[in-house]
>>> print(open('data30.pdb').read())   # PDB, C-alpha atoms
ATOM      1  CA  MET A  11     100.685   2.595 105.909
ATOM      2  CA  GLY A  12     100.262   4.148 109.332
ATOM      3  CA  ALA A  13     103.478   6.027 108.800
ATOM      4  CA  GLY A  14     102.167   7.356 105.448
ATOM      5  CA  VAL A  15      98.935   8.639 107.007
ATOM      6  CA  SER A  16     100.883  10.292 109.791
ATOM      7  CA  SER A  17     103.136  11.978 107.263
ATOM      8  CA  ASP A  18     100.128  13.322 105.315
ATOM      9  CA  LEU A  19      98.548  14.696 108.485
ATOM     10  CA  ASP A  20     101.784  16.406 109.439
ATOM     11  CA  ALA A  21     101.992  17.978 106.002
ATOM     12  CA  GLN A  22      98.400  19.228 106.212
ATOM     13  CA  LYS A  23      99.057  20.580 109.683
ATOM     14  CA  GLY A  24     102.105  22.456 108.442
ATOM     15  CA  THR A  25     100.102  23.939 105.565
ATOM     16  CA  THR A  26      97.380  25.038 107.962
ATOM     17  CA  ASN A  27      99.906  26.696 110.237
ATOM     18  CA  PHE A  28     101.418  28.492 107.251
ATOM     19  CA  GLN A  29      98.016  29.827 106.212
ATOM     20  CA  LEU A  30      97.232  31.040 109.713
ATOM     21  CA  LYS A  31     100.447  33.072 109.773
ATOM     22  CA  THR A  32      99.560  34.988 106.621
ATOM     23  CA  GLY A  33      98.460  38.514 107.495
ATOM     24  CA  LEU A  34      98.226  42.126 106.350
ATOM     25  CA  ASN A  35     102.016  42.371 106.233
ATOM     26  CA  ASP A  36     101.989  39.922 103.322
ATOM     27  CA  VAL A  37      99.758  42.073 101.089
ATOM     28  CA  PRO A  38     101.895  43.723  98.370
ATOM     29  CA  GLU A  39     102.271  47.487  98.760
ATOM     30  CA  SER A  40     101.217  47.974  95.141
ATOM     31  CA  CYS A  41      97.842  46.348  95.871
ATOM     32  CA  ILE A  42      97.320  48.476  98.983
ATOM     33  CA  SER A  43      98.242  51.642  97.084
ATOM     34  CA  SER A  44      95.691  50.805  94.390
ATOM     35  CA  ILE A  45      93.006  50.552  97.073
ATOM     36  CA  PHE A  46      94.138  53.821  98.674
ATOM     37  CA  MET A  47      93.361  55.647  95.428
ATOM     38  CA  TYR A  48      89.651  55.177  96.199
ATOM     39  CA  LEU A  49      89.808  56.332  99.830
ATOM     40  CA  ASP A  50      89.645  59.816 101.348
ATOM     41  CA  PRO A  51      92.894  61.303 102.773
ATOM     42  CA  PRO A  52      91.872  60.893 106.468
ATOM     43  CA  GLU A  53      91.117  57.204 105.840
ATOM     44  CA  ILE A  54      94.511  56.702 104.206
ATOM     45  CA  CYS A  55      96.293  58.304 107.164
ATOM     46  CA  LYS A  56      94.444  56.055 109.635
ATOM     47  CA  LEU A  57      95.254  52.871 107.715
ATOM     48  CA  ALA A  58      98.902  53.932 107.355
ATOM     49  CA  ARG A  59      99.296  53.319 111.095
ATOM     50  CA  LEU A  60      98.461  49.614 110.791
ATOM     51  CA  ASN A  61     101.905  48.332 109.743
ATOM     52  CA  LYS A  62     104.929  49.003 107.551
ATOM     53  CA  ALA A  63     103.279  47.744 104.383
ATOM     54  CA  PHE A  64     100.346  50.113 104.737
ATOM     55  CA  ARG A  65     102.644  52.970 105.690
ATOM     56  CA  GLY A  66     104.823  52.367 102.651
ATOM     57  CA  ALA A  67     101.783  52.187 100.389
ATOM     58  CA  SER A  68     100.481  55.480 101.805
ATOM     59  CA  LEU A  69     103.607  57.284 100.575
ATOM     60  CA  ALA A  70     103.107  56.473  96.901
ATOM     61  CA  ASP A  71     103.041  59.583  94.728
ATOM     62  CA  PHE A  72     100.344  58.220  92.413
ATOM     63  CA  VAL A  73      98.005  57.847  95.418
ATOM     64  CA  TRP A  74      98.267  61.468  96.536
ATOM     65  CA  GLU A  75      98.267  62.891  93.042
ATOM     66  CA  THR A  76      94.653  61.704  92.765
ATOM     67  CA  LYS A  77      93.811  63.740  95.907
ATOM     68  CA  LEU A  78      95.407  66.970  94.682
ATOM     69  CA  PRO A  79      93.458  69.512  92.601
ATOM     70  CA  SER A  80      94.344  69.788  88.933
ATOM     71  CA  ASN A  81      96.026  73.169  89.554
ATOM     72  CA  TYR A  82      98.310  71.967  92.351
ATOM     73  CA  ARG A  83     101.482  72.900  90.442
ATOM     74  CA  TYR A  84     100.206  76.470  90.150
ATOM     75  CA  LEU A  85      99.419  76.520  93.891
ATOM     76  CA  VAL A  86     102.854  75.222  94.882
ATOM     77  CA  GLU A  87     104.607  77.868  92.791
ATOM     78  CA  LYS A  88     102.332  80.828  93.662
ATOM     79  CA  VAL A  89     101.552  80.106  97.303
ATOM     80  CA  LEU A  90     104.425  77.957  98.598
ATOM     81  CA  GLY A  91     107.070  79.505  96.353
ATOM     82  CA  ARG A  92     108.512  76.068  95.580
ATOM     83  CA  ASN A  93     109.261  73.950  92.546
ATOM     84  CA  PRO A  94     106.389  71.385  92.382
ATOM     85  CA  ASP A  95     108.898  68.636  91.527
ATOM     86  CA  SER A  96     110.902  69.275  94.709
ATOM     87  CA  LEU A  97     108.150  67.907  96.978
ATOM     88  CA  CYS A  98     106.623  64.451  97.169
ATOM     89  CA  LYS A  99     102.886  64.416  96.511
ATOM     90  CA  LYS A 100     101.932  63.570 100.109
ATOM     91  CA  GLU A 101     103.962  66.514 101.453
ATOM     92  CA  THR A 102     102.444  68.729  98.773
ATOM     93  CA  PHE A 103      98.947  67.753  99.903
ATOM     94  CA  ALA A 104      99.805  68.293 103.585
ATOM     95  CA  ARG A 105     101.296  71.746 102.983
ATOM     96  CA  LEU A 106      98.405  72.893 100.831
ATOM     97  CA  CYS A 107      95.885  71.758 103.464
ATOM     98  CA  SER A 108      97.396  74.258 105.892
ATOM     99  CA  PRO A 109      96.189  77.867 105.474
ATOM    100  CA  ASN A 110      98.754  79.583 103.238
ATOM    101  CA  ARG A 111      98.781  83.359 102.854
ATOM    102  CA  PHE A 112      99.834  85.242  99.733
ATOM    103  CA  ASP A 113      99.619  88.728  98.179
ATOM    104  CA  GLY A 114     101.116  90.427 101.213
ATOM    105  CA  GLY A 115      99.388  88.138 103.702
ATOM    106  CA  ASN A 116      95.923  89.532 102.949
ATOM    107  CA  LYS A 117      94.682  86.481 101.057
ATOM    108  CA  GLU A 118      94.631  82.866 102.141
ATOM    109  CA  VAL A 119      94.186  79.554 100.321
ATOM    110  CA  TRP A 120      93.902  75.993 101.590
ATOM    111  CA  LEU A 121      92.610  72.565 100.574
ATOM    112  CA  ASP A 122      89.788  70.829 102.380
ATOM    113  CA  LYS A 123      91.432  67.841 104.119
ATOM    114  CA  ASN A 124      88.612  65.436 103.300
ATOM    115  CA  SER A 125      88.013  66.231  99.648
ATOM    116  CA  GLY A 126      91.080  68.141  98.439
ATOM    117  CA  LYS A 127      88.773  70.923  97.210
ATOM    118  CA  LEU A 128      90.143  74.466  96.969
ATOM    119  CA  CYS A 129      89.035  77.192  99.434
ATOM    120  CA  LEU A 130      89.998  80.873  99.487
ATOM    121  CA  SER A 131      89.626  83.860 101.789
ATOM    122  CA  VAL A 132      90.244  87.546 101.063
ATOM    123  CA  SER A 133      90.829  89.933 103.988
ATOM    124  CA  ALA A 134      89.081  93.297 104.286
ATOM    125  CA  LYS A 135      92.555  94.860 103.991
ATOM    126  CA  ALA A 136      92.784  93.505 100.439
ATOM    127  CA  MET A 137      89.540  95.253  99.428
ATOM    128  CA  LYS A 138      88.758  98.837  98.459
ATOM    129  CA  ILE A 139      86.500 100.392 101.099
ATOM    130  CA  THR A 140      85.079 103.887 100.681
ATOM    131  CA  GLY A 141      86.389 106.146 103.452
ATOM    132  CA  ILE A 142      88.641 103.489 104.995
ATOM    133  CA  ASP A 143      91.461 105.996 105.652
ATOM    134  CA  ASP A 144      89.205 108.404 107.541
ATOM    135  CA  ARG A 145      89.094 107.523 111.246
ATOM    136  CA  ARG A 146      85.759 109.319 111.573
ATOM    137  CA  TYR A 147      84.222 106.462 109.607
ATOM    138  CA  TRP A 148      86.362 103.327 109.787
ATOM    139  CA  ASN A 149      88.871 101.617 112.066
ATOM    140  CA  HIS A 150      90.850  98.401 111.827
ATOM    141  CA  ILE A 151      90.331  96.564 115.103
ATOM    142  CA  PRO A 152      92.236  93.445 116.270
ATOM    143  CA  THR A 153      90.151  90.374 117.102
ATOM    144  CA  GLU A 154      90.609  86.649 117.636
ATOM    145  CA  GLU A 155      87.373  86.075 115.729
ATOM    146  CA  SER A 156      89.010  86.665 112.344
ATOM    147  CA  ARG A 157      91.419  84.299 110.612
ATOM    148  CA  PHE A 158      93.354  87.479 109.635
ATOM    149  CA  GLU A 159      93.411  88.729 113.274
ATOM    150  CA  THR A 160      91.848  92.066 112.290
ATOM    151  CA  VAL A 161      88.587  93.397 110.832
ATOM    152  CA  ALA A 162      87.397  96.702 109.375
ATOM    153  CA  TYR A 163      84.850  98.320 111.692
ATOM    154  CA  LEU A 164      82.431 100.941 110.399
ATOM    155  CA  GLN A 165      81.340 103.551 112.947
ATOM    156  CA  GLN A 166      79.099 105.653 110.701
ATOM    157  CA  ILE A 167      78.958 106.633 107.034
ATOM    158  CA  TRP A 168      76.552 107.845 104.340
ATOM    159  CA  TRP A 169      78.052 106.062 101.314
ATOM    160  CA  PHE A 170      78.876 102.417 102.082
ATOM    161  CA  GLU A 171      80.827 100.489  99.435
ATOM    162  CA  VAL A 172      83.270  97.555  99.617
ATOM    163  CA  VAL A 173      84.903  96.152  96.455
ATOM    164  CA  GLY A 174      87.349  93.278  96.040
ATOM    165  CA  GLU A 175      89.095  91.579  93.135
ATOM    166  CA  LEU A 176      90.928  88.304  92.726
ATOM    167  CA  GLU A 177      92.742  86.775  89.767
ATOM    168  CA  PHE A 178      93.402  83.103  90.346
ATOM    169  CA  GLU A 179      93.685  79.727  88.659
ATOM    170  CA  PHE A 180      90.787  77.621  89.956
ATOM    171  CA  PRO A 181      90.288  73.897  89.350
ATOM    172  CA  PRO A 182      87.158  73.153  87.294
ATOM    173  CA  GLY A 183      83.973  73.215  89.347
ATOM    174  CA  SER A 184      81.270  75.416  90.846
ATOM    175  CA  TYR A 185      82.180  77.985  93.521
ATOM    176  CA  SER A 186      80.191  80.189  95.912
ATOM    177  CA  VAL A 187      81.204  83.641  97.188
ATOM    178  CA  PHE A 188      80.302  84.876 100.692
ATOM    179  CA  PHE A 189      80.877  88.100 102.629
ATOM    180  CA  ARG A 190      81.552  87.460 106.336
ATOM    181  CA  LEU A 191      79.943  90.325 108.288
ATOM    182  CA  HIS A 192      78.998  91.132 111.864
ATOM    183  CA  LEU A 193      76.584  93.768 113.193
ATOM    184  CA  GLY A 194      78.058  95.168 116.400
ATOM    185  CA  LYS A 195      81.566  95.518 117.781
ATOM    186  CA  PRO A 196      82.768  92.277 119.427
ATOM    187  CA  SER A 197      85.390  92.319 122.181
ATOM    188  CA  LYS A 198      86.400  90.541 125.367
ATOM    189  CA  ARG A 199      85.862  91.698 128.921
ATOM    190  CA  PHE A 200      87.227  89.709 131.852
ATOM    191  CA  GLY A 201      87.760  86.772 129.500
ATOM    192  CA  ARG A 202      84.155  86.753 128.237
ATOM    193  CA  ARG A 203      82.887  87.769 124.807
ATOM    194  CA  VAL A 204      80.799  90.936 124.734
ATOM    195  CA  CYS A 205      79.284  92.845 121.833
ATOM    196  CA  ASN A 206      78.600  96.582 121.690
ATOM    197  CA  LEU A 207      75.529  97.327 119.557
ATOM    198  CA  ASP A 208      75.346 101.069 120.298
ATOM    199  CA  GLN A 209      76.456 102.129 116.804
ATOM    200  CA  VAL A 210      74.365  99.611 114.844
ATOM    201  CA  HIS A 211      71.865 101.546 112.731
ATOM    202  CA  GLY A 212      70.614 102.102 109.193
ATOM    203  CA  TRP A 213      70.710  98.509 107.940
ATOM    204  CA  ASN A 214      66.965  97.910 108.276
ATOM    205  CA  THR A 215      66.087 100.990 106.197
ATOM    206  CA  LYS A 216      67.398  99.774 102.829
ATOM    207  CA  PRO A 217      68.935  96.418 101.801
ATOM    208  CA  VAL A 218      72.593  95.942 100.913
ATOM    209  CA  ARG A 219      73.307  95.105  97.279
ATOM    210  CA  PHE A 220      75.784  92.263  96.619
ATOM    211  CA  GLN A 221      77.377  91.936  93.181
ATOM    212  CA  LEU A 222      79.603  89.324  91.567
ATOM    213  CA  SER A 223      81.213  89.370  88.113
ATOM    214  CA  THR A 224      83.889  87.291  86.376
ATOM    215  CA  SER A 225      86.153  87.651  83.350
ATOM    216  CA  THR A 226      84.045  84.971  81.649
ATOM    217  CA  GLY A 227      81.114  87.397  81.386
ATOM    218  CA  LEU A 228      79.116  86.390  84.461
ATOM    219  CA  GLN A 229      77.255  89.176  86.282
ATOM    220  CA  ILE A 230      75.092  88.592  89.353
ATOM    221  CA  SER A 231      73.314  91.085  91.620
ATOM    222  CA  SER A 232      71.165  90.485  94.698
ATOM    223  CA  GLU A 233      69.886  92.434  97.691
ATOM    224  CA  CYS A 234      69.617  91.472 101.337
ATOM    225  CA  TYR A 235      68.973  93.185 104.666
ATOM    226  CA  LEU A 236      71.692  92.605 107.256
ATOM    227  CA  TYR A 237      70.441  90.709 110.293
ATOM    228  CA  GLU A 238      71.271  88.953 113.588
ATOM    229  CA  PRO A 239      73.306  91.590 115.486
ATOM    230  CA  GLY A 240      76.022  89.994 117.618
ATOM    231  CA  ASN A 241      76.666  87.067 115.258
ATOM    232  CA  TRP A 242      78.981  86.470 112.304
ATOM    233  CA  ILE A 243      76.881  85.867 109.196
ATOM    234  CA  HIS A 244      77.974  84.679 105.742
ATOM    235  CA  TYR A 245      76.018  86.588 103.090
ATOM    236  CA  HIS A 246      75.859  84.809  99.739
ATOM    237  CA  ALA A 247      76.985  87.064  96.870
ATOM    238  CA  GLY A 248      76.645  84.506  94.071
ATOM    239  CA  ASP A 249      78.087  81.437  92.348
ATOM    240  CA  PHE A 250      80.426  81.004  89.381
ATOM    241  CA  ILE A 251      81.547  78.008  87.330
ATOM    242  CA  ILE A 252      85.053  77.205  86.112
ATOM    243  CA  ASP A 253      85.578  74.842  83.186
ATOM    244  CA  ASP A 254      88.745  73.479  81.594
ATOM    245  CA  SER A 255      88.978  76.405  79.187
ATOM    246  CA  ASN A 256      89.434  78.964  82.007
ATOM    247  CA  PRO A 257      92.963  78.475  83.407
ATOM    248  CA  THR A 258      92.985  81.907  85.079
ATOM    249  CA  THR A 259      89.826  83.752  86.084
ATOM    250  CA  LYS A 260      89.387  87.295  87.344
ATOM    251  CA  ILE A 261      86.619  87.757  89.910
ATOM    252  CA  LYS A 262      85.136  91.007  91.187
ATOM    253  CA  PHE A 263      82.833  91.087  94.214
ATOM    254  CA  SER A 264      81.229  94.010  95.992
ATOM    255  CA  MET A 265      78.639  95.102  98.521
ATOM    256  CA  MET A 266      77.101  98.551  98.765
ATOM    257  CA  GLN A 267      74.371 100.640 100.359
ATOM    258  CA  ILE A 268      74.646 104.053  98.779
ATOM    259  CA  ASP A 269      71.292 105.597  99.672
ATOM    260  CA  CYS A 270      72.510 108.903 101.146
ATOM    261  CA  THR A 271      69.170 109.751 102.785
ATOM    262  CA  HIS A 272      70.395 108.088 105.962
ATOM    263  CA  THR A 273      73.615 106.971 107.674
ATOM    264  CA  LYS A 274      74.517 103.415 108.623
ATOM    265  CA  GLY A 275      77.082 102.037 111.038
ATOM    266  CA  GLY A 276      78.144  99.486 113.627
ATOM    267  CA  LEU A 277      79.333  96.893 111.064
ATOM    268  CA  CYS A 278      82.416  94.636 111.040
ATOM    269  CA  VAL A 279      83.725  93.548 107.624
ATOM    270  CA  ASP A 280      85.989  90.551 108.046
ATOM    271  CA  SER A 281      86.588  88.873 104.708
ATOM    272  CA  VAL A 282      85.205  87.213 101.601
ATOM    273  CA  PHE A 283      85.145  83.417 101.375
ATOM    274  CA  ILE A 284      85.192  81.410  98.158
ATOM    275  CA  TYR A 285      84.172  77.772  98.658
ATOM    276  CA  PRO A 286      83.111  74.908  96.376
ATOM    277  CA  SER A 287      79.337  75.290  96.002
ATOM    278  CA  GLU A 288      78.812  71.794  97.406
ATOM    279  CA  PHE A 289      80.043  73.101 100.785
ATOM    280  CA  ARG A 290      77.374  75.794 100.937
ATOM    281  CA  GLN A 291      74.643  73.916 102.803
ATOM    282  CA  MET A 292      77.124  72.051 104.959
ATOM    283  CA  ARG A 293      79.008  75.099 106.252
ATOM    284  CA  PHE A 294      76.582  77.959 106.137
ATOM    285  CA  LYS A 295      73.262  76.624 107.435
TER     286      LYS A 295
END
>>> encode(input="data30.pdb", output="structure tokens")
Amino acid sequence: MGAGVSSDLDAQKGTTNFQLKTGLNDVPESCISSIFMYLDPPEICKLARLNKAFRGASLADFVWETKLPSNYRYLVEKVLGRNPDSLCKKETFARLCSPNRFDGGNKEVWLDKNSGKLCLSVSAKAMKITGIDDRRYWNHIPTEESRFETVAYLQQIWWFEVVGELEFEFPPGSYSVFFRLHLGKPSKRFGRRVCNLDQVHGWNTKPVRFQLSTSTGLQISSECYLYEPGNWIHYHAGDFIIDDSNPTTKIKFSMMQIDCTHTKGGLCVDSVFIYPSEFRQMRFK
């Protein structure tokens, strides 16, 4: 009988040892991938470093397809110039998260790494600016403070008008449009940022009118005085909504101050940003 008890104890001990050796490597990749579908991309990338099972699960196409916007095939073809089926979904997400320029390099699109939401930027060079070819009024100046490495700088003008257009396939959702502007001419001197405000004038006399319209019939107009010389400010032009019935939408945005009773000048026009409306408070406080 003593031998029988000893044998049972040995068996239980062996079972216990077997249970203690079970770890994360024993979890099926399919189970891990199913969990990854509910996590944000940065969380998936962190967990992928745990072991081979988690790394393998993080490569599953069905995981990353849930992180991509519904128009990702359009983005791959238009922006990356690739066949969407030639890339795995994780590589597609990674490439689209990097800023990708199109339309001659004057427009840029990228995905937010945390949410996969679409963001766009349109350079001043892609917009129609009254008097832009006349050096008495405007100059394009290089700067590290622009994602396009250059901005349009207004010295002085009577009729101020900037108009841009964009035709694009947006995923369904609500989007906000902002003009990125700067009163004063920023530069660097001896490695330090300086700002020349000598030519800033005329913006406190009358407000600037911002307008936004879409091919769906939306029309928005608002007015705002330009403020905070020496700082980049995002001026809200309006919001628009995309639903499933709008595969391609044409957007027109503009800003103007056409009161010819006075001149205005000393303004940098960098670009127009289009972000998901939910980013508005977070990014432009």
>>> residues_around(input="data30.pdb", residues="region 233-248 of chain A", least_positions_apart="2", cutoff="8 Å", atoms="all atoms listed in the file", output="list of chain:residue names")
A:Ser186, A:Val187, A:Phe188, A:Phe189, A:Arg190, A:Leu191, A:His192, A:Leu193, A:Gly194, A:Lys195, A:Pro196, A:Cys205, A:Leu207, A:Trp213, A:Asn214, A:Lys216, A:Pro217, A:Val218, A:Arg219, A:Phe220, A:Gln221, A:Leu222, A:Ile230, A:Ser231, A:Phe250, A:Phe263, A:Phe294
>>> resolve_selection(input="data30.pdb", expression="the PyMOL selection byres ((chain A and resi 276-278) around 8)", output="ChimeraX atom specification")
/A:161-166,191-195,207-211,274-275,279-280
>>> atom_distance(input="data30.pdb", atom1="CA of Phe200 (chain A)", atom2="CA of Phe158 (chain A)")
23.2 Å
>>> closest_residue(input="data30.pdb", among="A:Ser264, A:Thr226, A:Ser133, A:Thr258", to="Asn81 (chain A)", atoms="only C-alpha atoms")
A:Thr258
>>> residues_around(input="data30.pdb", residues="region 167-177 of chain A", least_positions_apart="6", cutoff="6 Å", atoms="all atoms listed in the file", output="list in words")
Met137, Lys138, Ile139, Thr140, Tyr147, Thr259, Lys260, Ile261, Lys262, Phe263, Ser264, Met265, Met266, Gln267, Ile268, Cys270, Thr273 and Lys274 of chain A
>>> write_last_selection(input="data30.pdb", atoms="C-alpha atoms", output="short mmCIF file (atom, residue, chain, number, x, y, z; two decimals), keeping the file's coordinate frame")
data_model
loop_
_atom_site.label_atom_id
_atom_site.label_comp_id
_atom_site.auth_asym_id
_atom_site.auth_seq_id
_atom_site.Cartn_x
_atom_site.Cartn_y
_atom_site.Cartn_z
CA MET A 137 89.54 95.25 99.43
CA LYS A 138 88.76 98.84 98.46
CA ILE A 139 86.50 100.39 101.10
CA THR A 140 85.08 103.89 100.68
CA TYR A 147 84.22 106.46 109.61
CA THR A 259 89.83 83.75 86.08
CA LYS A 260 89.39 87.30 87.34
CA ILE A 261 86.62 87.76 89.91
CA LYS A 262 85.14 91.01 91.19
CA PHE A 263 82.83 91.09 94.21
CA SER A 264 81.23 94.01 95.99
CA MET A 265 78.64 95.10 98.52
CA MET A 266 77.10 98.55 98.76
CA GLN A 267 74.37 100.64 100.36
CA ILE A 268 74.65 104.05 98.78
CA CYS A 270 72.51 108.90 101.15
CA THR A 273 73.61 106.97 107.67
CA LYS A 274 74.52 103.42 108.62
#
>>> atom_distance(input="data30.pdb", atom1="CA of Thr271 (chain A)", atom2="CA of Asn206 (chain A)")
24.9 Å
>>> closest_residue(input="data30.pdb", among="A:Ser287, A:Asn256, A:Gln229, A:Ser96", to="Pro181 (chain A)", atoms="only C-alpha atoms")
A:Asn256
>>> residues_around(input="data30.pdb", residues="region 44-57 of chain A", least_positions_apart="6", cutoff="12 Å", atoms="only C-alpha atoms", output="JSON, numbers by chain")
{"A": [34, 37, 38, 63, 64, 65, 66, 67, 68, 69, 70, 71, 72, 73, 74, 75, 76, 77, 78, 100, 103, 104, 107, 121, 122, 123, 124, 125, 126, 127]}
>>> write_last_selection(input="data30.pdb", atoms="C-alpha atoms", output="compact mmCIF listing (two decimals), in the coordinates of the input")
# COMPACT_ATOMS: atom_id res chain seq x y z
CA LEU A 34 98.23 42.13 106.35
CA VAL A 37 99.76 42.07 101.09
CA PRO A 38 101.90 43.72 98.37
CA ALA A 63 103.28 47.74 104.38
CA PHE A 64 100.35 50.11 104.74
CA ARG A 65 102.64 52.97 105.69
CA GLY A 66 104.82 52.37 102.65
CA ALA A 67 101.78 52.19 100.39
CA SER A 68 100.48 55.48 101.80
CA LEU A 69 103.61 57.28 100.58
CA ALA A 70 103.11 56.47 96.90
CA ASP A 71 103.04 59.58 94.73
CA PHE A 72 100.34 58.22 92.41
CA VAL A 73 98.00 57.85 95.42
CA TRP A 74 98.27 61.47 96.54
CA GLU A 75 98.27 62.89 93.04
CA THR A 76 94.65 61.70 92.76
CA LYS A 77 93.81 63.74 95.91
CA LEU A 78 95.41 66.97 94.68
CA LYS A 100 101.93 63.57 100.11
CA PHE A 103 98.95 67.75 99.90
CA ALA A 104 99.80 68.29 103.58
CA CYS A 107 95.88 71.76 103.46
CA LEU A 121 92.61 72.56 100.57
CA ASP A 122 89.79 70.83 102.38
CA LYS A 123 91.43 67.84 104.12
CA ASN A 124 88.61 65.44 103.30
CA SER A 125 88.01 66.23 99.65
CA GLY A 126 91.08 68.14 98.44
CA LYS A 127 88.77 70.92 97.21
>>> resolve_selection(input="data30.pdb", expression="the PyMOL selection byres ((chain A and resi 117) around 10)", output="compact mmCIF listing (two decimals) with C-alpha atoms, in the frame of the given file")
# COMPACT_ATOMS: atom_id res chain seq x y z
CA PRO A 109 96.19 77.87 105.47
CA ASN A 110 98.75 79.58 103.24
CA ARG A 111 98.78 83.36 102.85
CA PHE A 112 99.83 85.24 99.73
CA ASP A 113 99.62 88.73 98.18
CA GLY A 114 101.12 90.43 101.21
CA GLY A 115 99.39 88.14 103.70
CA ASN A 116 95.92 89.53 102.95
CA GLU A 118 94.63 82.87 102.14
CA VAL A 119 94.19 79.55 100.32
CA LEU A 130 90.00 80.87 99.49
CA SER A 131 89.63 83.86 101.79
CA VAL A 132 90.24 87.55 101.06
CA SER A 133 90.83 89.93 103.99
CA ALA A 134 89.08 93.30 104.29
CA LYS A 135 92.56 94.86 103.99
CA ALA A 136 92.78 93.50 100.44
CA PHE A 158 93.35 87.48 109.64
CA LEU A 176 90.93 88.30 92.73
CA SER A 281 86.59 88.87 104.71
CA VAL A 282 85.20 87.21 101.60
>>> atom_distance(input="data30.pdb", atom1="CA of Leu60 (chain A)", atom2="CA of Ser43 (chain A)")
13.9 Å
